[in-house]
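> protein.pdb is reproduced below (PDB, C-alpha atoms and all ligand atoms).
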MODEL        1
ATOM      1  CA  MET A   1       0.000   0.000   0.000
ATOM      2  CA  LYS A   2       1.245   3.496  -0.887
ATOM      3  CA  LYS A   3       2.303   5.500   2.144
ATOM      4  CA  VAL A   4       0.518   8.774   2.803
ATOM      5  CA  ASP A   5       2.690  11.878   3.081
ATOM      6  CA  VAL A   6       2.189  13.829   6.282
ATOM      7  CA  PHE A   7       3.167  17.479   6.721
ATOM      8  CA  ILE A   8       3.252  19.069  10.168
ATOM      9  CA  LEU A   9       2.484  22.781  10.239
ATOM     10  CA  SER A  10       4.138  24.298  13.256
ATOM     11  CA  GLY A  11       4.666  27.827  14.465
ATOM     12  CA  PHE A  12       3.800  30.130  17.302
ATOM     13  CA  LEU A  13       0.306  31.440  17.922
ATOM     14  CA  GLY A  14      -0.824  33.722  15.168
ATOM     15  CA  SER A  15       2.172  33.187  12.905
ATOM     16  CA  GLY A  16       0.130  32.265   9.824
ATOM     17  CA  LYS A  17      -0.375  28.479   9.929
ATOM     18  CA  THR A  18      -4.046  28.583   8.967
ATOM     19  CA  THR A  19      -3.299  31.163   6.296
ATOM     20  CA  LEU A  20      -0.750  28.747   4.839
ATOM     21  CA  LEU A  21      -3.061  25.754   5.129
ATOM     22  CA  ARG A  22      -5.898  27.434   3.280
ATOM     23  CA  GLN A  23      -3.649  28.240   0.341
ATOM     24  CA  LEU A  24      -2.138  24.792   0.221
ATOM     25  CA  LEU A  25      -5.605  23.225   0.224
ATOM     26  CA  GLN A  26      -6.691  25.470  -2.619
ATOM     27  CA  GLU A  27      -3.666  24.506  -4.672
ATOM     28  CA  GLU A  28      -3.987  20.821  -3.799
ATOM     29  CA  LYS A  29      -7.562  20.971  -5.090
ATOM     30  CA  GLU A  30      -6.451  22.612  -8.333
ATOM     31  CA  HIS A  31      -4.001  19.756  -8.815
ATOM     32  CA  GLY A  32      -6.758  17.204  -8.183
ATOM     33  CA  ARG A  33      -5.034  15.707  -5.180
ATOM     34  CA  ASN A  34      -6.946  14.259  -2.253
ATOM     35  CA  VAL A  35      -5.769  15.565   1.079
ATOM     36  CA  GLY A  36      -6.978  15.391   4.655
ATOM     37  CA  VAL A  37      -6.512  17.804   7.525
ATOM     38  CA  ILE A  38      -6.058  17.243  11.217
ATOM     39  CA  MET A  39      -6.464  20.372  13.242
ATOM     40  CA  ASN A  40      -5.497  20.699  16.821
ATOM     41  CA  GLU A  41      -6.839  23.594  18.774
ATOM     42  CA  ALA A  42      -6.216  24.203  22.406
ATOM     43  CA  GLY A  43      -9.785  25.388  22.973
ATOM     44  CA  GLU A  44     -13.017  23.441  23.222
ATOM     45  CA  THR A  45     -14.413  24.714  19.947
ATOM     46  CA  ALA A  46     -12.951  24.563  16.484
ATOM     47  CA  VAL A  47     -12.132  27.993  15.209
ATOM     48  CA  ASP A  48      -9.704  27.549  12.362
ATOM     49  CA  SER A  49     -11.479  24.567  10.800
ATOM     50  CA  GLU A  50     -14.519  26.708  10.068
ATOM     51  CA  VAL A  51     -12.553  28.346   7.287
ATOM     52  CA  LEU A  52     -11.629  25.138   5.516
ATOM     53  CA  PRO A  53     -13.431  23.825   2.427
ATOM     54  CA  ASN A  54     -16.247  21.390   3.287
ATOM     55  CA  GLU A  55     -15.069  18.651   0.951
ATOM     56  CA  VAL A  56     -11.762  18.157   2.752
ATOM     57  CA  PRO A  57     -11.723  15.220   5.192
ATOM     58  CA  LEU A  58     -11.186  16.877   8.539
ATOM     59  CA  ALA A  59     -10.481  15.629  12.024
ATOM     60  CA  GLU A  60     -10.353  17.953  14.978
ATOM     61  CA  LEU A  61      -8.452  17.525  18.176
ATOM     62  CA  LEU A  62      -9.923  19.993  20.540
ATOM     63  CA  ASN A  63      -9.439  21.141  24.083
ATOM     64  CA  GLY A  64      -5.848  20.138  24.516
ATOM     65  CA  CYS A  65      -2.485  20.477  22.939
ATOM     66  CA  VAL A  66      -1.589  17.582  20.694
ATOM     67  CA  CYS A  67       1.883  17.459  22.121
ATOM     68  CA  CYS A  68       0.940  16.918  25.730
ATOM     69  CA  THR A  69      -2.586  15.777  26.462
ATOM     70  CA  ILE A  70      -4.016  14.218  23.345
ATOM     71  CA  GLN A  71      -1.107  12.583  21.592
ATOM     72  CA  GLY A  72      -2.885   9.202  21.532
ATOM     73  CA  GLN A  73      -5.877  10.786  19.837
ATOM     74  CA  LEU A  74      -3.638  12.035  17.047
ATOM     75  CA  GLU A  75      -2.633   8.468  16.298
ATOM     76  CA  GLU A  76      -6.299   7.401  16.294
ATOM     77  CA  GLN A  77      -7.287  10.241  13.983
ATOM     78  CA  LEU A  78      -4.471   9.435  11.577
ATOM     79  CA  GLU A  79      -5.414   5.750  11.583
ATOM     80  CA  GLU A  80      -9.056   6.565  10.943
ATOM     81  CA  MET A  81      -8.290   9.037   8.194
ATOM     82  CA  ILE A  82      -6.027   6.723   6.230
ATOM     83  CA  SER A  83      -8.474   3.842   6.650
ATOM     84  CA  SER A  84     -11.521   5.852   5.532
ATOM     85  CA  TYR A  85     -10.086   7.791   2.583
ATOM     86  CA  THR A  86      -7.595   7.347  -0.220
ATOM     87  CA  LEU A  87      -5.335  10.300   0.358
ATOM     88  CA  ASP A  88      -2.230  11.765  -1.221
ATOM     89  CA  ALA A  89      -1.341  13.796   1.841
ATOM     90  CA  ILE A  90      -2.429  14.811   5.322
ATOM     91  CA  TYR A  91      -1.708  18.212   6.822
ATOM     92  CA  ILE A  92      -1.580  18.479  10.593
ATOM     93  CA  GLU A  93      -2.002  21.985  11.903
ATOM     94  CA  THR A  94      -0.735  22.114  15.443
ATOM     95  CA  THR A  95      -1.672  24.605  18.120
ATOM     96  CA  GLY A  96       0.706  27.511  18.422
ATOM     97  CA  ILE A  97       1.851  26.107  21.722
ATOM     98  CA  ALA A  98       2.839  22.694  20.457
ATOM     99  CA  HIS A  99       6.403  21.474  20.367
ATOM    100  CA  PRO A 100       6.893  20.052  16.864
ATOM    101  CA  ILE A 101       8.921  17.075  18.019
ATOM    102  CA  GLU A 102       6.166  15.997  20.378
ATOM    103  CA  VAL A 103       3.719  16.131  17.489
ATOM    104  CA  LEU A 104       6.126  14.138  15.355
ATOM    105  CA  ASP A 105       6.339  11.675  18.213
ATOM    106  CA  GLY A 106       2.553  11.255  18.066
ATOM    107  CA  CYS A 107       2.798  10.340  14.358
ATOM    108  CA  ILE A 108       5.606   7.835  14.696
ATOM    109  CA  THR A 109       3.980   4.793  16.191
ATOM    110  CA  PRO A 110       4.511   1.123  15.426
ATOM    111  CA  SER A 111       1.269   0.754  13.507
ATOM    112  CA  LEU A 112       1.556   4.025  11.592
ATOM    113  CA  SER A 113       5.178   3.584  10.621
ATOM    114  CA  GLU A 114       4.199   1.320   7.727
ATOM    115  CA  ARG A 115       1.427   3.558   6.440
ATOM    116  CA  ILE A 116       2.563   7.171   6.608
ATOM    117  CA  THR A 117       5.728   9.127   5.897
ATOM    118  CA  VAL A 118       6.308  12.351   7.773
ATOM    119  CA  ARG A 119       7.724  14.451   4.946
ATOM    120  CA  SER A 120       8.526  17.608   6.834
ATOM    121  CA  ILE A 121       7.875  19.981   9.666
ATOM    122  CA  ILE A 122       7.023  23.375   8.228
ATOM    123  CA  THR A 123       7.438  26.117  10.802
ATOM    124  CA  VAL A 124       5.709  29.403  10.092
ATOM    125  CA  VAL A 125       7.616  32.140  11.889
ATOM    126  CA  ASN A 126       6.122  35.467  12.858
ATOM    127  CA  SER A 127       9.224  37.392  11.775
ATOM    128  CA  LYS A 128       8.159  40.581  13.481
ATOM    129  CA  LEU A 129       7.748  38.776  16.770
ATOM    130  CA  LEU A 130      11.140  37.124  16.406
ATOM    131  CA  LEU A 131      12.675  40.598  16.478
ATOM    132  CA  GLU A 132      10.644  41.491  19.555
ATOM    133  CA  LEU A 133      11.036  38.270  21.466
ATOM    134  CA  ASP A 134      11.546  40.045  24.769
ATOM    135  CA  SER A 135       7.843  40.785  24.741
ATOM    136  CA  LEU A 136       7.142  37.105  25.393
ATOM    137  CA  SER A 137       7.547  35.215  28.646
ATOM    138  CA  ASN A 138      10.701  33.158  29.031
ATOM    139  CA  ARG A 139       8.808  29.929  28.411
ATOM    140  CA  ALA A 140       7.085  31.282  25.356
ATOM    141  CA  GLN A 141      10.402  32.538  23.995
ATOM    142  CA  LYS A 142      11.878  29.113  24.491
ATOM    143  CA  LEU A 143       9.038  27.406  22.654
ATOM    144  CA  PHE A 144       9.155  29.970  19.845
ATOM    145  CA  LEU A 145      12.837  29.196  19.327
ATOM    146  CA  GLU A 146      12.298  25.432  19.603
ATOM    147  CA  GLN A 147       9.718  25.578  16.833
ATOM    148  CA  ILE A 148      12.326  27.284  14.639
ATOM    149  CA  ARG A 149      15.071  24.854  15.630
ATOM    150  CA  HIS A 150      13.021  21.820  14.647
ATOM    151  CA  GLY A 151      11.551  23.029  11.344
ATOM    152  CA  ASP A 152      12.749  21.477   8.092
ATOM    153  CA  LEU A 153      11.288  24.385   6.164
ATOM    154  CA  LEU A 154      11.030  27.816   7.777
ATOM    155  CA  LEU A 155       8.605  30.354   6.363
ATOM    156  CA  LEU A 156       9.682  33.729   7.705
ATOM    157  CA  ASN A 157       6.231  35.171   7.449
ATOM    158  CA  LYS A 158       4.892  38.720   7.739
ATOM    159  CA  GLU A 159       7.701  40.000   5.573
ATOM    160  CA  ASP A 160       5.472  42.974   4.774
ATOM    161  CA  LEU A 161       5.969  44.247   8.330
ATOM    162  CA  LEU A 162       9.773  44.295   8.093
ATOM    163  CA  THR A 163      12.256  46.906   6.851
ATOM    164  CA  GLU A 164      15.128  45.737   4.641
ATOM    165  CA  ASP A 165      17.494  45.779   7.638
ATOM    166  CA  GLU A 166      15.022  43.762   9.689
ATOM    167  CA  LYS A 167      14.735  41.169   6.925
ATOM    168  CA  ALA A 168      18.496  40.669   6.924
ATOM    169  CA  ASN A 169      18.496  40.490  10.706
ATOM    170  CA  THR A 170      15.680  37.906  10.728
ATOM    171  CA  LEU A 171      17.452  35.697   8.192
ATOM    172  CA  MET A 172      20.661  35.837  10.181
ATOM    173  CA  LYS A 173      18.892  34.928  13.433
ATOM    174  CA  VAL A 174      17.092  31.897  12.053
ATOM    175  CA  GLN A 175      20.160  30.639  10.235
ATOM    176  CA  MET A 176      22.017  30.691  13.527
ATOM    177  CA  LEU A 177      19.186  28.763  15.179
ATOM    178  CA  ASN A 178      18.740  26.178  12.443
ATOM    179  CA  GLU A 179      21.340  26.286   9.722
ATOM    180  CA  GLY A 180      20.171  23.067   8.057
ATOM    181  CA  ALA A 181      16.636  24.256   7.319
ATOM    182  CA  LYS A 182      15.419  25.742   4.076
ATOM    183  CA  THR A 183      14.367  29.303   4.769
ATOM    184  CA  ILE A 184      12.205  31.737   2.820
ATOM    185  CA  LEU A 185      10.657  35.115   3.539
ATOM    186  CA  THR A 186       6.906  35.167   2.894
ATOM    187  CA  THR A 187       3.935  37.475   3.053
ATOM    188  CA  GLN A 188       0.593  35.839   3.857
ATOM    189  CA  ALA A 189       2.553  32.569   4.011
ATOM    190  CA  ARG A 190       2.579  32.425   0.228
ATOM    191  CA  VAL A 191       4.715  29.539  -0.916
ATOM    192  CA  PRO A 192       4.074  27.362  -3.978
ATOM    193  CA  LEU A 193       2.736  23.902  -3.247
ATOM    194  CA  SER A 194       5.437  22.501  -5.539
ATOM    195  CA  TYR A 195       8.026  23.842  -3.106
ATOM    196  CA  ILE A 196       6.363  22.051  -0.204
ATOM    197  CA  LEU A 197       6.004  18.792  -2.131
ATOM    198  CA  THR A 198       9.611  18.694  -3.253
ATOM    199  CA  GLN A 199      10.782  18.528   0.328
ATOM    200  CA  THR A 200      12.521  15.176   0.240
ATOM    201  CA  ARG A 201      14.406  13.210   2.765
ATOM    202  CA  SER A 202      17.143  10.664   2.267
ATOM    203  CA  ARG A 203      16.427   7.061   3.052
ATOM    204  CA  THR A 204      18.630   4.218   4.087
ATOM    205  CA  ALA A 205      18.066   1.040   2.177
ATOM    206  CA  SER A 206      20.502  -0.909   4.293
ATOM    207  CA  HIS A 207      18.155  -1.819   7.111
ATOM    208  CA  GLU A 208      14.608  -2.451   6.029
ATOM    209  CA  PRO A 209      12.656  -1.495   9.142
ATOM    210  CA  THR A 210      14.575   1.717   9.723
ATOM    211  CA  HIS A 211      12.873   4.999   8.885
ATOM    212  CA  MET A 212      15.337   7.847   8.715
ATOM    213  CA  HIS A 213      14.191  11.407   9.208
ATOM    214  CA  HIS A 214      17.455  13.041   8.221
ATOM    215  CA  HIS A 215      15.807  16.322   7.437
ATOM    216  CA  LEU A 216      14.233  16.312  10.887
ATOM    217  CA  HIS A 217      17.562  15.495  12.495
ATOM    218  CA  ILE A 218      15.618  12.647  14.033
ATOM    219  CA  GLU A 219      15.729   8.986  13.106
ATOM    220  CA  THR A 220      13.310   6.232  13.934
ATOM    221  CA  PHE A 221      13.802   2.502  14.096
ATOM    222  CA  ALA A 222      10.813   0.171  14.135
ATOM    223  CA  TYR A 223      11.303  -3.353  15.470
ATOM    224  CA  HIS A 224       8.892  -6.277  15.530
ATOM    225  CA  GLU A 225       9.443  -9.224  17.868
ATOM    226  CA  ASP A 226       6.874 -11.810  18.914
ATOM    227  CA  SER A 227       9.055 -13.618  21.490
ATOM    228  CA  ALA A 228       8.522 -12.799  25.182
ATOM    229  CA  TYR A 229      11.176 -10.649  26.906
ATOM    230  CA  ASN A 230      12.646 -11.051  30.364
ATOM    231  CA  GLY A 231      11.120  -7.924  32.008
ATOM    232  CA  ALA A 232      14.113  -7.091  34.243
ATOM    233  CA  LYS A 233      16.615  -7.533  31.395
ATOM    234  CA  LEU A 234      14.517  -5.416  29.081
ATOM    235  CA  GLU A 235      14.380  -2.616  31.675
ATOM    236  CA  ASP A 236      18.154  -2.841  32.175
ATOM    237  CA  PHE A 237      18.688  -2.564  28.436
ATOM    238  CA  LEU A 238      16.426   0.490  28.219
ATOM    239  CA  LYS A 239      18.179   2.163  31.155
ATOM    240  CA  SER A 240      21.507   1.642  29.385
ATOM    241  CA  LEU A 241      20.403   3.480  26.217
ATOM    242  CA  PRO A 242      22.438   6.556  25.282
ATOM    243  CA  GLN A 243      20.882  10.015  25.795
ATOM    244  CA  SER A 244      20.555  10.367  22.051
ATOM    245  CA  VAL A 245      17.660   7.875  22.174
ATOM    246  CA  TYR A 246      14.858  10.216  23.213
ATOM    247  CA  ARG A 247      11.919   7.920  23.130
ATOM    248  CA  VAL A 248      10.915   4.255  22.813
ATOM    249  CA  LYS A 249       7.309   3.145  22.648
ATOM    250  CA  GLY A 250       5.210   0.231  21.574
ATOM    251  CA  TYR A 251       4.000  -3.148  22.803
ATOM    252  CA  VAL A 252       5.868  -6.233  23.991
ATOM    253  CA  ARG A 253       5.216  -9.634  25.551
ATOM    254  CA  LEU A 254       6.949 -10.569  28.807
ATOM    255  CA  GLN A 255       7.925 -14.018  30.048
ATOM    256  CA  GLY A 256       5.681 -15.575  32.712
ATOM    257  CA  ASN A 257       2.272 -14.581  31.347
ATOM    258  CA  ASP A 258       0.496 -14.115  28.043
ATOM    259  CA  LYS A 259      -0.454 -10.476  28.497
ATOM    260  CA  LEU A 260       0.513  -7.674  26.181
ATOM    261  CA  TYR A 261       2.477  -4.815  27.792
ATOM    262  CA  SER A 262       2.716  -1.206  26.733
ATOM    263  CA  LEU A 263       6.309   0.003  26.798
ATOM    264  CA  GLN A 264       7.012   3.692  27.273
ATOM    265  CA  TYR A 265      10.508   5.092  27.630
ATOM    266  CA  ALA A 266      11.484   8.746  27.870
ATOM    267  CA  TYR A 267      14.451  10.568  29.395
ATOM    268  CA  GLY A 268      16.015   7.419  30.833
ATOM    269  CA  THR A 269      12.891   6.053  32.512
ATOM    270  CA  PRO A 270      11.191   2.907  31.195
ATOM    271  CA  LEU A 271       7.596   2.015  32.043
ATOM    272  CA  LEU A 272       5.964  -1.338  31.304
ATOM    273  CA  MET A 273       2.215  -1.646  31.843
ATOM    274  CA  PRO A 274      -0.149  -4.549  31.002
ATOM    275  CA  VAL A 275      -2.855  -3.538  28.514
ATOM    276  CA  GLU A 276      -6.094  -5.108  27.288
ATOM    277  CA  LEU A 277      -5.413  -4.722  23.591
ATOM    278  CA  GLN A 278      -5.118  -6.822  20.457
ATOM    279  CA  ALA A 279      -1.963  -5.168  19.124
ATOM    280  CA  LYS A 280       0.999  -6.670  17.321
ATOM    281  CA  PRO A 281       4.119  -6.586  19.535
ATOM    282  CA  SER A 282       6.410  -3.922  18.073
ATOM    283  CA  LEU A 283       8.604  -1.049  19.199
ATOM    284  CA  VAL A 284       9.657   2.285  17.750
ATOM    285  CA  PHE A 285      12.874   4.014  18.801
ATOM    286  CA  ILE A 286      13.177   7.764  18.193
ATOM    287  CA  GLY A 287      16.422   9.686  18.501
ATOM    288  CA  GLU A 288      19.581  10.863  16.844
ATOM    289  CA  ASN A 289      22.334   8.636  15.478
ATOM    290  CA  LEU A 290      20.371   5.500  16.219
ATOM    291  CA  GLN A 291      22.367   2.356  15.631
ATOM    292  CA  PRO A 292      19.787  -0.276  14.690
ATOM    293  CA  GLN A 293      22.188  -3.211  14.898
ATOM    294  CA  ILE A 294      23.233  -2.363  18.441
ATOM    295  CA  LEU A 295      19.616  -1.793  19.472
ATOM    296  CA  GLU A 296      18.644  -5.116  17.931
ATOM    297  CA  GLN A 297      21.475  -6.908  19.760
ATOM    298  CA  GLY A 298      20.417  -5.326  23.064
ATOM    299  CA  LEU A 299      16.810  -6.361  22.529
ATOM    300  CA  ASN A 300      17.787  -9.920  21.590
ATOM    301  CA  SER A 301      19.879 -10.231  24.735
ATOM    302  CA  ALA A 302      16.763  -9.507  26.809
ATOM    303  CA  ILE A 303      14.828 -12.489  25.410
TER     304      ILE A 303
HETATM  305  N1  LIG B 401       0.635  41.513   8.132
HETATM  306  C1  LIG B 401       0.546  40.207   7.912
HETATM  307  N2  LIG B 401      -0.434  39.507   8.514
HETATM  308  C2  LIG B 401      -0.501  38.178   8.270
HETATM  309  C3  LIG B 401       0.408  37.525   7.423
HETATM  310  N3  LIG B 401       0.103  36.210   7.402
HETATM  311  C4  LIG B 401      -0.968  36.040   8.197
HETATM  312  N4  LIG B 401      -1.342  37.224   8.730
HETATM  313  C5  LIG B 401      -2.441  37.481   9.668
HETATM  314  O1  LIG B 401      -2.067  37.018  10.944
HETATM  315  C6  LIG B 401      -3.217  36.569  11.649
HETATM  316  C7  LIG B 401      -3.011  35.145  12.160
HETATM  317  O2  LIG B 401      -2.946  34.278  11.044
HETATM  318  P1  LIG B 401      -3.350  32.741  11.157
HETATM  319  O3  LIG B 401      -3.107  32.154   9.821
HETATM  320  O4  LIG B 401      -4.709  32.598  11.765
HETATM  321  O5  LIG B 401      -2.269  32.289  12.217
HETATM  322  P2  LIG B 401      -2.170  30.882  12.984
HETATM  323  O6  LIG B 401      -0.732  30.580  13.080
HETATM  324  O7  LIG B 401      -3.040  29.876  12.325
HETATM  325  O8  LIG B 401      -2.771  31.290  14.390
HETATM  326  P3  LIG B 401      -3.152  30.318  15.660
HETATM  327  O9  LIG B 401      -4.104  29.293  15.145
HETATM  328  O10 LIG B 401      -3.734  31.255  16.656
HETATM  329  O11 LIG B 401      -1.879  29.755  16.151
HETATM  330  C8  LIG B 401      -4.384  36.677  10.693
HETATM  331  O12 LIG B 401      -5.046  37.841  10.974
HETATM  332  C9  LIG B 401      -3.708  36.727   9.332
HETATM  333  O13 LIG B 401      -4.467  37.393   8.390
HETATM  334  C10 LIG B 401       1.428  38.314   6.784
HETATM  335  O14 LIG B 401       2.285  37.848   6.050
HETATM  336  N5  LIG B 401       1.442  39.645   7.089
ENDMDL
END
Here is the file; what I need is its structure written in the form of structure tokens.
Ligand SMILES: Nc1nc2c(ncn2[C@@H]2O[C@H](COP(=O)(O)OP(=O)(O)OP(=O)(O)O)[C@@H](O)[C@H]2O)c(=O)[nH]1

Amino acid sequence: MKKVDVFILSGFLGSGKTTLLRQLLQEEKEHGRNVGVIMNEAGETAVDSEVLPNEVPLAELLNGCVCCTIQGQLEEQLEEMISSYTLDAIYIETTGIAHPIEVLDGCITPSLSERITVRSIITVVNSKLLLELDSLSNRAQKLFLEQIRHGDLLLLNKEDLLTEDEKANTLMKVQMLNEGAKTILTTQARVPLSYILTQTRSRTASHEPTHMHHHLHIETFAYHEDSAYNGAKLEDFLKSLPQSVYRVKGYVRLQGNDKLYSLQYAYGTPLLMPVELQAKPSLVFIGENLQPQILEQGLNSAI
């Protein structure tokens, strides 16, 4: 089955994400492509989705930020959307307070890894605000900069509000924050769809189940194993992982019973919990410089 391309639209509150989305949807329609939208809004009611064309398959994640409270729902919505429609692409518009990597994390799950490809994180930057960052709280400043750091494509939006000197200053600032990203100045987030769609990422053919997100600076490694693990050995292996492995998640079987366990690992702490689910045992590792062979050896030694 053809994988569906997923684009994550990130950027601080009011930067121009919905403005961008509306144009992309218009152009997608003109090209006869079928696309779906997942919109996350922190409030209880959908505001931005009201402005989208009716014919576009739409899922809304309301009343919570996709990166912290409703990550599981994102997975469900993606699953449902790709099962119900034949789509060329899905756009996820995050809340302005979402950390893009957390949203990416919600998309990279064992079951989705075979069915979608996260093509890029597009961060829409309110260029004017970048030059006036002091007006934000420390936490907001930090998030604003994180969204820039983790974008593969940076749209330096609201160019119309900048002087020539400010434009040069903005470009210099973002290049220092994220020198690997493609960067363009925009007004009303105008960027050709062809530019978005040509965002490619390199793949490694050497290890079949590995999904490399070079352009995201993040790699993932999906691993399927039906054998039951020794719980203590598995925990020891997880605790020994290098800091560059940010996250491990999925389902495993443990020796001594026939239950399925959910495995969650973040920041050095593993958590194994029995679950009442009919899921295929599989794990996804997310991090930088992942070494699949070493991970595989470690996992095998815990069986
Ligand atoms: N001056 C100017 N205004 C813009 C530009 N792009 C978008 N806007 C305006 O900025 C406001 C916010 O745009 P949205 O597209 O709703 O921003 P958003 O990122 O979706 O906002 P949230 O959903 O609140 O995070 C709207 O009033 C837009 O019309 C631009 O390039 N220049």
> With 3 Å added on each side, what axis-aligned box encloses every listed atom of region 17-35 of chain A? Give the centre and edge lengths in Å to one decimal, as AutoDock Vina command-line options.

--center_x -4.0 --center_y 22.7 --center_z 0.6 --size_x 13.2 --size_y 22.9 --size_z 24.7
> Hey, could you make a per-residue contact list for chain A against ligand LIG 401 (chain B) with 12 Å as the cut-off, showing the nearest pair of atoms and its distance in Å to one decimal, counting all atoms listed in the file, sorted by chain and number, as a Markdown table?

| residue | atom | partner | partner_atom | distance |
| --- | --- | --- | --- | --- |
| A:Leu9 | CA | B:LIG401 | O6 | 8.9 |
| A:Ser10 | CA | B:LIG401 | O6 | 8.0 |
| A:Gly11 | CA | B:LIG401 | O6 | 6.2 |
| A:Phe12 | CA | B:LIG401 | O11 | 5.8 |
| A:Leu13 | CA | B:LIG401 | O11 | 3.3 |
| A:Gly14 | CA | B:LIG401 | O8 | 3.2 |
| A:Ser15 | CA | B:LIG401 | O6 | 3.9 |
| A:Gly16 | CA | B:LIG401 | O3 | 3.2 |
| A:Lys17 | CA | B:LIG401 | O6 | 3.8 |
| A:Thr18 | CA | B:LIG401 | O7 | 3.7 |
| A:Thr19 | CA | B:LIG401 | O3 | 3.7 |
| A:Leu20 | CA | B:LIG401 | O3 | 6.5 |
| A:Leu21 | CA | B:LIG401 | O3 | 7.9 |
| A:Arg22 | CA | B:LIG401 | O3 | 8.5 |
| A:Gln23 | CA | B:LIG401 | O3 | 10.3 |
| A:Met39 | CA | B:LIG401 | O9 | 9.4 |
| A:Asn40 | CA | B:LIG401 | O9 | 8.9 |
| A:Glu41 | CA | B:LIG401 | O9 | 7.3 |
| A:Ala42 | CA | B:LIG401 | O9 | 9.1 |
| A:Gly43 | CA | B:LIG401 | O9 | 10.4 |
| A:Ala46 | CA | B:LIG401 | O9 | 10.1 |
| A:Val47 | CA | B:LIG401 | O9 | 8.1 |
| A:Asp48 | CA | B:LIG401 | O9 | 6.5 |
| A:Ser49 | CA | B:LIG401 | O9 | 9.8 |
| A:Glu50 | CA | B:LIG401 | O4 | 11.6 |
| A:Val51 | CA | B:LIG401 | O4 | 10.0 |
| A:Leu52 | CA | B:LIG401 | O3 | 11.8 |
| A:Cys65 | CA | B:LIG401 | O11 | 11.5 |
| A:Ile92 | CA | B:LIG401 | O7 | 11.6 |
| A:Glu93 | CA | B:LIG401 | O7 | 8.0 |
| A:Thr94 | CA | B:LIG401 | O11 | 7.8 |
| A:Thr95 | CA | B:LIG401 | O11 | 5.5 |
| A:Gly96 | CA | B:LIG401 | O11 | 4.1 |
| A:Ile97 | CA | B:LIG401 | O11 | 7.6 |
| A:Ala98 | CA | B:LIG401 | O11 | 9.5 |
| A:Ile122 | CA | B:LIG401 | O6 | 11.6 |
| A:Thr123 | CA | B:LIG401 | O6 | 9.6 |
| A:Val124 | CA | B:LIG401 | O6 | 7.2 |
| A:Val125 | CA | B:LIG401 | O6 | 8.6 |
| A:Asn126 | CA | B:LIG401 | C3 | 8.2 |
| A:Ser127 | CA | B:LIG401 | O14 | 9.0 |
| A:Lys128 | CA | B:LIG401 | N1 | 9.3 |
| A:Leu129 | CA | B:LIG401 | C1 | 11.5 |
| A:Phe144 | CA | B:LIG401 | O11 | 11.6 |
| A:Leu155 | CA | B:LIG401 | O14 | 9.8 |
| A:Leu156 | CA | B:LIG401 | O14 | 8.6 |
| A:Asn157 | CA | B:LIG401 | O14 | 5.0 |
| A:Lys158 | CA | B:LIG401 | O14 | 3.2 |
| A:Glu159 | CA | B:LIG401 | O14 | 5.8 |
| A:Asp160 | CA | B:LIG401 | N5 | 5.7 |
| A:Leu161 | CA | B:LIG401 | N1 | 6.0 |
| A:Leu162 | CA | B:LIG401 | N1 | 9.6 |
| A:Leu185 | CA | B:LIG401 | O14 | 9.2 |
| A:Thr186 | CA | B:LIG401 | O14 | 6.2 |
| A:Thr187 | CA | B:LIG401 | O14 | 3.4 |
| A:Gln188 | CA | B:LIG401 | O14 | 3.4 |
| A:Ala189 | CA | B:LIG401 | N3 | 5.5 |
| A:Arg190 | CA | B:LIG401 | O14 | 8.0 |
| A:Val191 | CA | B:LIG401 | O14 | 11.1 |
> Skip Tyr265 (chain A) itself and residues of its chain fewer than 2 positions away, then list as a CSV table (one decimal) with C-alpha atoms, in the coordinates of the input all residues within 10 Å of it, counting only C-alpha atoms.

chain,number,residue,atom,x,y,z
A,235,GLU,CA,14.4,-2.6,31.7
A,238,LEU,CA,16.4,0.5,28.2
A,239,LYS,CA,18.2,2.2,31.2
A,245,VAL,CA,17.7,7.9,22.2
A,246,TYR,CA,14.9,10.2,23.2
A,247,ARG,CA,11.9,7.9,23.1
A,248,VAL,CA,10.9,4.3,22.8
A,249,LYS,CA,7.3,3.1,22.6
A,250,GLY,CA,5.2,0.2,21.6
A,263,LEU,CA,6.3,0.0,26.8
A,267,TYR,CA,14.5,10.6,29.4
A,268,GLY,CA,16.0,7.4,30.8
A,269,THR,CA,12.9,6.1,32.5
A,270,PRO,CA,11.2,2.9,31.2
A,271,LEU,CA,7.6,2.0,32.0
A,272,LEU,CA,6.0,-1.3,31.3
A,285,PHE,CA,12.9,4.0,18.8
> Calculate how many Å separate CA of Gly36 (chain A) from CA of Ile196 (chain A), rounding to one decimal.
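Between these atoms lies a distance of 15.7 Å.
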> Do you have the CA of Glu55 (chain A)-CA of Asp88 (chain A) distance handy?
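Going from CA of Glu55 (chain A) over to CA of Asp88 (chain A), I get 14.7 Å.
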> Would you write out, as a list of chain:residue names, every residue that the PyMOL selection byres (((chain A and resi 120) around 7) and not hetatm) captures in this file?
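When the PyMOL selection byres (((chain A and resi 120) around 7) and not hetatm) is applied, the selected residues are A:Phe7, A:Ile8, A:Val118, A:Arg119, A:Ile121, A:Ile122, A:Asp152, A:Gln199.
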> Can you pull out every residue within 9 Å of Lys173 (chain A), counting all atoms listed in the file, but drop anything in the same chain fewer than 5 positions away, and send it as a list in words?
Leu130, Leu131, Ala168 and Asn178 of chain A
> Would you save the residues of that selection, restricted to C-alpha atoms, as a CSV table (one decimal), in the coordinates of the input?

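Result file selection06.csv:
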chain,number,residue,atom,x,y,z
A,130,LEU,CA,11.1,37.1,16.4
A,131,LEU,CA,12.7,40.6,16.5
A,168,ALA,CA,18.5,40.7,6.9
A,178,ASN,CA,18.7,26.2,12.4
> Could you list, as a VMD selection string, every residue matched by the PyMOL selection byres (((chain A and resi 182) around 7) and not hetatm) in this structure?
chain A and resid 152 to 154 180 to 181 183 to 184
